[in-house]
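Text of the file my_file_6.cif, holding mmCIF, C-alpha atoms:
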data_input
#
loop_
_atom_site.label_atom_id
_atom_site.label_comp_id
_atom_site.auth_asym_id
_atom_site.auth_seq_id
_atom_site.Cartn_x
_atom_site.Cartn_y
_atom_site.Cartn_z
CA MET A 1 91.75 101.70 142.07
CA LYS A 2 88.70 99.96 140.64
CA GLU A 3 87.19 97.17 142.75
CA PHE A 4 86.04 94.17 140.72
CA SER A 5 82.98 92.16 141.70
CA LEU A 6 83.11 88.36 141.82
CA GLU A 7 81.20 88.21 138.54
CA GLN A 8 83.66 90.60 136.90
CA LYS A 9 86.61 88.59 138.17
CA GLN A 10 85.13 85.41 136.71
CA ALA A 11 84.61 87.12 133.36
CA LEU A 12 88.21 88.42 133.37
CA ARG A 13 89.50 84.99 134.37
CA ASP A 14 87.58 83.24 131.57
CA GLN A 15 88.76 85.79 128.97
CA ILE A 16 92.41 85.63 129.96
CA ILE A 17 92.39 81.82 130.02
CA ALA A 18 90.96 81.80 126.48
CA MET A 19 93.67 84.23 125.34
CA PHE A 20 96.33 82.09 127.03
CA GLU A 21 95.12 78.90 125.36
CA ALA A 22 95.15 80.60 121.95
CA SER A 23 98.68 82.00 122.45
CA GLY A 24 100.57 78.71 122.17
CA LEU A 25 102.76 79.74 125.13
CA SER A 26 103.32 77.95 128.38
CA ALA A 27 101.58 79.43 131.42
CA ASN A 28 104.84 80.91 132.69
CA GLU A 29 105.71 82.37 129.28
CA PHE A 30 102.25 83.92 128.93
CA ALA A 31 102.48 85.41 132.41
CA THR A 32 105.89 86.97 131.86
CA LYS A 33 105.84 87.83 128.14
CA ARG A 34 102.25 88.98 127.72
CA LEU A 35 101.08 90.09 131.16
CA GLY A 36 104.42 91.39 132.41
CA PHE A 37 104.40 89.37 135.63
CA THR A 38 107.77 88.54 137.17
CA ASN A 39 106.87 84.84 137.28
CA GLY A 40 103.99 82.48 136.62
CA SER A 41 102.69 82.16 140.19
CA LYS A 42 100.25 85.08 139.90
CA PHE A 43 98.78 83.62 136.73
CA SER A 44 98.53 80.21 138.38
CA HIS A 45 96.40 81.72 141.14
CA VAL A 46 94.22 83.46 138.54
CA ARG A 47 93.61 80.12 136.86
CA ASN A 48 93.05 78.00 139.96
CA ASN A 49 92.29 80.22 142.95
CA TRP A 50 90.63 83.27 141.38
CA ASP A 51 87.61 83.11 143.72
CA ASN A 52 89.56 82.53 146.95
CA PRO A 53 89.72 85.77 149.00
CA GLY A 54 93.21 87.26 149.12
CA MET A 55 94.76 84.88 146.58
CA VAL A 56 94.68 87.30 143.62
CA GLY A 57 95.49 90.92 144.36
CA GLN A 58 93.72 93.93 142.94
CA ASN A 59 96.83 94.97 140.99
CA THR A 60 96.79 91.61 139.21
CA TRP A 61 93.16 92.02 138.19
CA GLU A 62 93.96 95.54 136.97
CA ALA A 63 96.85 94.23 134.82
CA ILE A 64 94.64 91.51 133.33
CA ALA A 65 91.82 93.95 132.60
CA LYS A 66 94.24 96.34 130.85
CA TYR A 67 95.72 93.54 128.77
CA ILE A 68 92.27 92.31 127.69
CA GLU A 69 91.12 95.85 126.93
CA LYS A 70 94.24 96.53 124.86
CA GLY A 71 93.75 93.34 122.86
CA SER A 72 90.11 94.06 122.09
CA ARG A 73 90.31 97.81 121.53
CA TYR A 74 91.95 97.75 118.11
CA LYS A 75 92.13 95.06 115.43
CA GLY A 76 94.51 95.34 112.51
CA VAL A 77 94.43 93.81 109.03
CA ALA A 78 97.12 92.31 106.81
CA THR A 79 98.26 95.56 105.17
CA ASP A 80 101.08 95.80 102.61
CA ASN A 81 103.31 97.23 105.33
CA LEU A 82 102.63 94.33 107.69
CA LYS A 83 103.43 91.86 104.91
CA LYS A 84 106.73 93.67 104.22
CA VAL A 85 107.72 93.54 107.89
CA PHE A 86 106.89 89.83 108.04
CA GLU A 87 108.97 89.22 104.89
CA ALA A 88 111.89 91.18 106.33
CA CYS A 89 111.74 89.16 109.55
CA ASN A 90 111.65 85.87 107.64
CA ILE A 91 114.67 86.84 105.53
CA ALA A 92 116.61 88.02 108.57
CA TYR A 93 115.92 84.79 110.46
CA ASN A 94 116.36 82.28 107.62
CA LEU A 95 119.43 83.87 106.01
CA LYS A 96 120.98 85.26 109.23
CA LYS A 97 121.07 88.73 107.65
CA PHE A 98 120.72 92.27 109.02
CA VAL A 99 117.63 93.65 107.33
CA PRO A 100 116.57 97.33 107.49
CA VAL A 101 112.88 98.26 107.59
CA ILE A 102 112.25 101.96 107.05
CA GLY A 103 109.01 103.88 107.47
CA ASN A 104 107.71 107.16 108.83
CA GLY A 105 106.07 107.37 112.22
CA GLY A 106 102.59 105.86 112.30
CA TYR A 107 103.24 103.45 109.42
CA GLY A 108 102.62 100.37 111.59
CA LYS A 109 106.22 99.25 112.16
CA SER A 110 105.94 98.37 115.85
CA PHE A 111 102.46 96.89 115.39
CA ALA A 112 103.75 94.53 112.69
CA LEU A 113 106.76 93.50 114.79
CA ASP A 114 104.49 92.73 117.71
CA LYS A 115 102.19 90.59 115.55
CA TYR A 116 105.13 88.71 114.04
CA LYS A 117 106.52 88.04 117.51
CA GLU A 118 103.12 86.76 118.70
CA MET A 119 102.85 84.48 115.66
CA ILE A 120 106.29 82.92 116.18
CA GLU A 121 105.72 82.50 119.91
CA ALA A 122 102.41 80.74 119.24
CA GLU A 123 104.13 78.42 116.74
CA ARG A 124 107.09 77.95 119.13
CA ARG A 125 109.48 77.95 116.15
CA PHE A 126 112.28 80.06 117.60
CA LYS A 127 113.01 82.77 120.12
CA VAL A 128 112.22 86.36 119.18
CA VAL A 129 114.00 89.16 121.05
CA TYR A 130 112.35 92.59 120.83
CA PHE A 131 114.39 95.62 121.85
CA GLU A 132 113.33 99.24 121.54
CA ALA A 133 116.34 101.49 121.24
CA THR A 134 116.42 104.73 123.19
CA LYS A 135 118.47 107.87 122.85
CA GLY A 136 121.75 107.59 124.70
CA THR A 137 125.30 106.36 124.45
CA SER A 138 126.56 103.28 122.65
CA LYS A 139 127.20 101.69 126.04
CA GLN A 140 123.58 102.22 127.06
CA PHE A 141 122.44 100.67 123.78
CA ILE A 142 124.52 97.53 124.35
CA THR A 143 123.32 97.27 127.94
CA GLY A 144 119.68 97.52 126.87
CA LEU A 145 120.11 94.96 124.10
CA MET A 146 121.80 92.51 126.47
CA GLN A 147 118.96 92.88 128.97
CA ALA A 148 116.38 92.26 126.23
CA MET A 149 118.26 89.12 125.16
CA GLY A 150 118.44 87.92 128.75
CA CYS A 151 122.22 87.67 128.97
CA TYR A 152 123.26 90.86 130.75
CA GLU A 153 126.62 90.92 132.47
CA HIS A 154 128.68 93.88 133.65
CA GLY A 155 131.84 94.65 131.69
CA THR A 156 133.40 96.65 128.90
CA MET A 157 131.49 97.03 125.64
CA ALA A 158 133.85 94.65 123.87
CA ALA A 159 133.36 92.03 126.58
CA GLN A 160 129.57 92.48 126.56
CA ILE A 161 129.36 92.09 122.78
CA GLU A 162 131.33 88.86 123.05
CA ILE A 163 128.94 87.65 125.77
CA MET A 164 126.01 88.36 123.43
CA ARG A 165 127.75 86.47 120.65
CA GLN A 166 128.36 83.43 122.83
CA TYR A 167 124.76 83.54 124.03
CA ALA A 168 123.44 83.77 120.45
CA LEU A 169 125.51 80.75 119.42
CA LYS A 170 123.44 78.64 121.82
CA GLN A 171 120.09 80.05 120.69
CA ASN A 172 117.74 79.72 117.75
CA MET A 173 116.50 83.28 117.55
CA LEU A 174 115.76 86.51 115.73
CA ILE A 175 116.54 89.95 117.13
CA MET A 176 114.25 92.90 116.43
CA ILE A 177 115.72 96.35 117.09
CA ASP A 178 112.90 98.89 116.94
CA GLU A 179 113.34 102.69 116.88
CA VAL A 180 116.89 102.20 115.60
CA SER A 181 116.80 105.74 114.21
CA LYS A 182 117.22 106.98 117.79
CA LEU A 183 120.91 106.12 117.37
CA GLU A 184 121.84 109.62 116.33
CA GLY A 185 125.02 110.74 114.61
CA HIS A 186 128.07 108.58 115.22
CA ASN A 187 126.22 106.43 117.81
CA VAL A 188 124.73 104.45 114.90
CA THR A 189 128.11 102.82 114.26
CA VAL A 190 127.71 100.71 117.41
CA LEU A 191 125.62 98.49 115.14
CA LYS A 192 128.77 97.53 113.22
CA ASP A 193 130.21 95.70 116.22
CA VAL A 194 126.86 94.02 116.96
CA MET A 195 126.42 92.87 113.36
CA THR A 196 130.02 91.69 113.15
CA ALA A 197 129.53 89.60 116.28
CA MET A 198 126.27 88.11 115.00
CA LEU A 199 127.48 87.40 111.44
CA ASP A 200 126.05 84.03 110.25
CA ILE A 201 124.78 83.39 113.79
CA CYS A 202 121.63 85.44 114.23
CA GLY A 203 119.44 87.57 112.00
CA ILE A 204 118.57 91.11 113.05
CA VAL A 205 115.73 93.33 111.82
CA LEU A 206 116.61 97.03 112.16
CA VAL A 207 113.46 99.13 112.18
CA GLY A 208 113.30 102.91 112.14
CA THR A 209 112.44 106.12 110.33
CA PRO A 210 114.21 107.36 107.17
CA TYR A 211 116.73 109.20 109.37
CA PHE A 212 118.47 105.88 110.08
CA MET A 213 119.50 105.27 106.46
CA LYS A 214 120.03 108.97 105.69
CA ASN A 215 122.43 109.24 108.62
CA LEU A 216 124.42 106.21 107.41
CA ILE A 217 124.50 107.43 103.79
CA ARG A 218 125.50 110.96 104.79
CA GLY A 219 128.28 109.70 107.01
CA THR A 220 129.49 107.33 104.29
CA HIS A 221 129.64 110.12 101.70
CA ARG A 222 131.62 112.27 104.12
CA GLU A 223 133.95 109.35 104.82
CA ARG A 224 133.23 109.54 108.53
CA HIS A 225 134.83 106.82 110.64
CA LEU A 226 132.96 103.43 110.57
CA PHE A 227 129.86 104.70 108.71
CA SER A 228 130.71 102.88 105.47
CA GLU A 229 131.56 99.69 107.35
CA THR A 230 128.24 99.83 109.24
CA LYS A 231 126.17 100.45 106.11
CA ASP A 232 127.96 97.69 104.20
CA ARG A 233 126.87 95.04 106.73
CA LEU A 234 123.18 95.69 106.07
CA PHE A 235 121.26 93.42 103.72
CA TYR A 236 121.24 94.80 100.18
CA ILE A 237 117.45 95.13 100.14
CA THR A 238 115.82 97.79 102.33
CA PHE A 239 112.13 97.28 103.05
CA THR A 240 110.49 100.67 102.68
CA LEU A 241 107.01 101.16 104.12
CA SER A 242 104.34 103.44 102.70
CA ALA A 243 101.40 105.47 103.93
CA PRO A 244 98.16 103.47 104.22
CA THR A 245 95.82 103.40 101.26
CA GLU A 246 92.17 104.39 101.37
CA HIS A 247 91.23 100.74 100.86
CA GLU A 248 93.33 99.71 103.86
CA ALA A 249 91.76 102.46 105.95
CA GLU A 250 88.27 101.25 105.04
CA GLU A 251 89.16 97.62 105.81
CA ILE A 252 90.50 98.59 109.23
CA PHE A 253 87.39 100.64 110.03
CA LYS A 254 85.12 97.73 109.10
CA THR A 255 87.24 95.21 111.02
CA ASN A 256 86.86 97.38 114.10
CA GLY A 257 83.08 97.39 113.83
CA ILE A 258 82.53 100.67 111.99
CA THR A 259 80.23 99.62 109.17
CA ASP A 260 77.61 102.37 109.11
CA ARG A 261 77.78 103.87 105.62
CA GLU A 262 77.27 107.48 106.73
CA THR A 263 80.03 107.18 109.35
CA LEU A 264 82.38 105.53 106.86
CA ASN A 265 81.74 108.30 104.33
CA ILE A 266 82.80 110.88 106.92
CA LEU A 267 85.87 108.94 108.06
CA LEU A 268 86.95 108.31 104.46
CA ASN A 269 85.99 111.84 103.33
CA ARG A 270 83.60 110.54 100.69
CA ILE A 271 81.17 113.45 100.96
CA THR A 272 79.51 114.54 97.72
CA ASP A 273 79.08 118.20 98.65
CA ALA A 274 82.48 119.91 98.24
CA LYS A 275 81.98 122.48 101.04
CA LYS A 276 80.74 119.86 103.47
CA ARG A 277 83.56 117.53 102.47
CA GLU A 278 86.16 120.21 103.23
CA ALA A 279 84.46 121.10 106.52
CA LEU A 280 84.48 117.46 107.66
CA LYS A 281 88.00 116.70 106.46
CA SER A 282 89.41 117.26 109.95
CA ARG A 283 87.25 114.37 111.19
CA SER A 284 88.45 111.96 108.51
CA TRP A 285 91.60 109.84 108.40
CA LEU A 286 92.98 112.29 105.81
CA ALA A 287 93.70 114.69 108.66
CA LYS A 288 96.54 112.33 109.63
CA GLN A 289 97.29 109.88 106.83
CA THR A 290 98.97 107.19 108.91
CA PHE A 291 97.80 104.00 110.59
CA ARG A 292 97.98 105.95 113.83
CA GLY A 293 95.59 108.45 112.28
CA ILE A 294 93.19 105.64 111.37
CA LYS A 295 93.32 104.39 114.95
CA ASP A 296 92.65 107.92 116.21
CA CYS A 297 89.48 108.00 114.09
CA ILE A 298 88.35 104.71 115.60
CA ASP A 299 89.02 106.01 119.11
CA MET A 300 87.15 109.22 118.26
CA ILE A 301 84.06 107.25 117.22
CA ARG A 302 84.19 105.15 120.38
CA ALA A 303 84.71 108.21 122.57
CA THR A 304 81.63 109.79 120.99
CA GLU A 305 79.64 106.64 121.69
CA PHE A 306 80.75 106.69 125.33
CA SER A 307 79.81 110.35 125.68
CA ASN A 308 76.40 109.81 124.11
CA ALA A 309 75.75 106.93 126.52
CA ILE A 310 75.86 109.29 129.53
CA ASP A 311 72.44 110.29 130.83
CA TYR A 312 73.13 113.78 132.13
CA ASN A 313 69.59 114.02 133.55
CA THR A 314 70.49 111.44 136.18
CA LEU A 315 73.53 113.36 137.46
CA ASN A 316 73.38 115.32 140.65
CA LEU A 317 75.03 118.52 139.36
#

In structure tokens, how does this file's structure come out?
Amino acid sequence: MKEFSLEQKQALRDQIIAMFEASGLSANEFATKRLGFTNGSKFSHVRNNWDNPGMVGQNTWEAIAKYIEKGSRYKGVATDNLKKVFEACNIAYNLKKFVPVIGNGGYGKSFALDKYKEMIEAERRFKVVYFEATKGTSKQFITGLMQAMGCYEHGTMAAQIEIMRQYALKQNMLIMIDEVSKLEGHNVTVLKDVMTAMLDICGIVLVGTPYFMKNLIRGTHRERHLFSETKDRLFYITFTLSAPTEHEAEEIFKTNGITDRETLNILLNRITDAKKREALKSRSWLAKQTFRGIKDCIDMIRATEFSNAIDYNTLNL
């Protein structure tokens, strides 16, 4: 585990305080929602007793350093996909609808949800519940959703859904269900009961890959039990995301500090010589035409910079 000097601790403390003040959250909310602490006491010590020996543990400094590093490592831009996700969230919240957002892996779905959640939390407009679905049974899905909402109680599925409904009636919130396409086969119909319970009470954004809608459509055409009823509860507009454009890729590169023209030409595969262009294609974002692929290119450039910064002559090999 890395030991931080007093100067490093002060720098971390100053950075995290600045991020907290810009978040719009209370100290306890920032500690639990952003840093993952169980309560706000650790963050209170970071703010007020950071230089007192033994008051802030090494694990806490590690968590803060990772959070700061994550926030500064990659900066996004307002892509068309991000705007679509924001629009879907606004419709779901304002109209209390169940809005599907569909896009292939790496199209920025989770990134956009995270940014929307941060924006709403900073504005303190309403509560946003984020839940990432996992493969498993319908019961496991309901349990996970209840835990994300903060209203978990043991019981039958029917009883738990009613508990969620009663909890939602007292809230002003939006529910985001990410990776909804992990509800395979007939398991997807558990959403019918959730949407029925939340009708006109709470909007839900259902985010996943094309499999989610294809599964519902296929089951509906085959007249499988509850598939048609589940599909019919979804909002009539599906927000479909697309692969990033070259312009978006360039904007993201520049936003993340990559402005050297030669480097940009390689990353964007704008090489005049055809043979050289083909040879360097594997090092451009075209090798993986997703937002994840763009981020990989950024990480590749930074990794190269780190490697070049090593003075191998000073090593005792």

Step by step, work through what the PyMOL selection byres ((chain A and resi 57) around 12) selects in the shown file, and finish by giving those residues as a PyMOL selection string. chain A and resi 1-4+9+42-43+45-46+49-56+58-64

Residues within 8 Å of range 231-235 of chain A, all atoms listed in the file, excluding chain neighbours under 6 positions, as a ChimeraX atom specification: /A:97-100,192,195-196,216-217,220

Take the PyMOL selection byres ((chain A and resi 245-253) around 9), run it mentally on this structure, and tell me the resulting residues as a count of residues only. 25

Which residues match the PyMOL selection byres ((chain A and resi 161-167) around 8) in the file above, as a PyMOL selection string? chain A and resi 142+146+149+151+153+157-160+168-171+193-194+197-198

Skip Ser181 in chain A itself and residues of its chain fewer than 5 positions away, then list as a list in words all residues within 6 Å of it, counting all atoms listed in the file.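 These residues fall inside the cut-off: Gly208, Thr209, Tyr211 and Phe212 of chain A.
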
Point-to-point distance from CA of Lys84 in chain A to CA of Val101 in chain A, Å rounded to tenths: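 CA of Val101 in chain A lies at a distance of 8.4 Å from CA of Lys84 in chain A.
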
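Comparing the minimum interatomic distances between Phe141 in chain A and each of A:Leu183, A:Ile301, A:Ile17, A:Val85, counting all atoms listed in the file, we find that A:Leu183 sits nearest.
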
Separation of CA of Ile266 in chain A and CA of Leu241 in chain A, in Å?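 So the answer is 26.2 Å.
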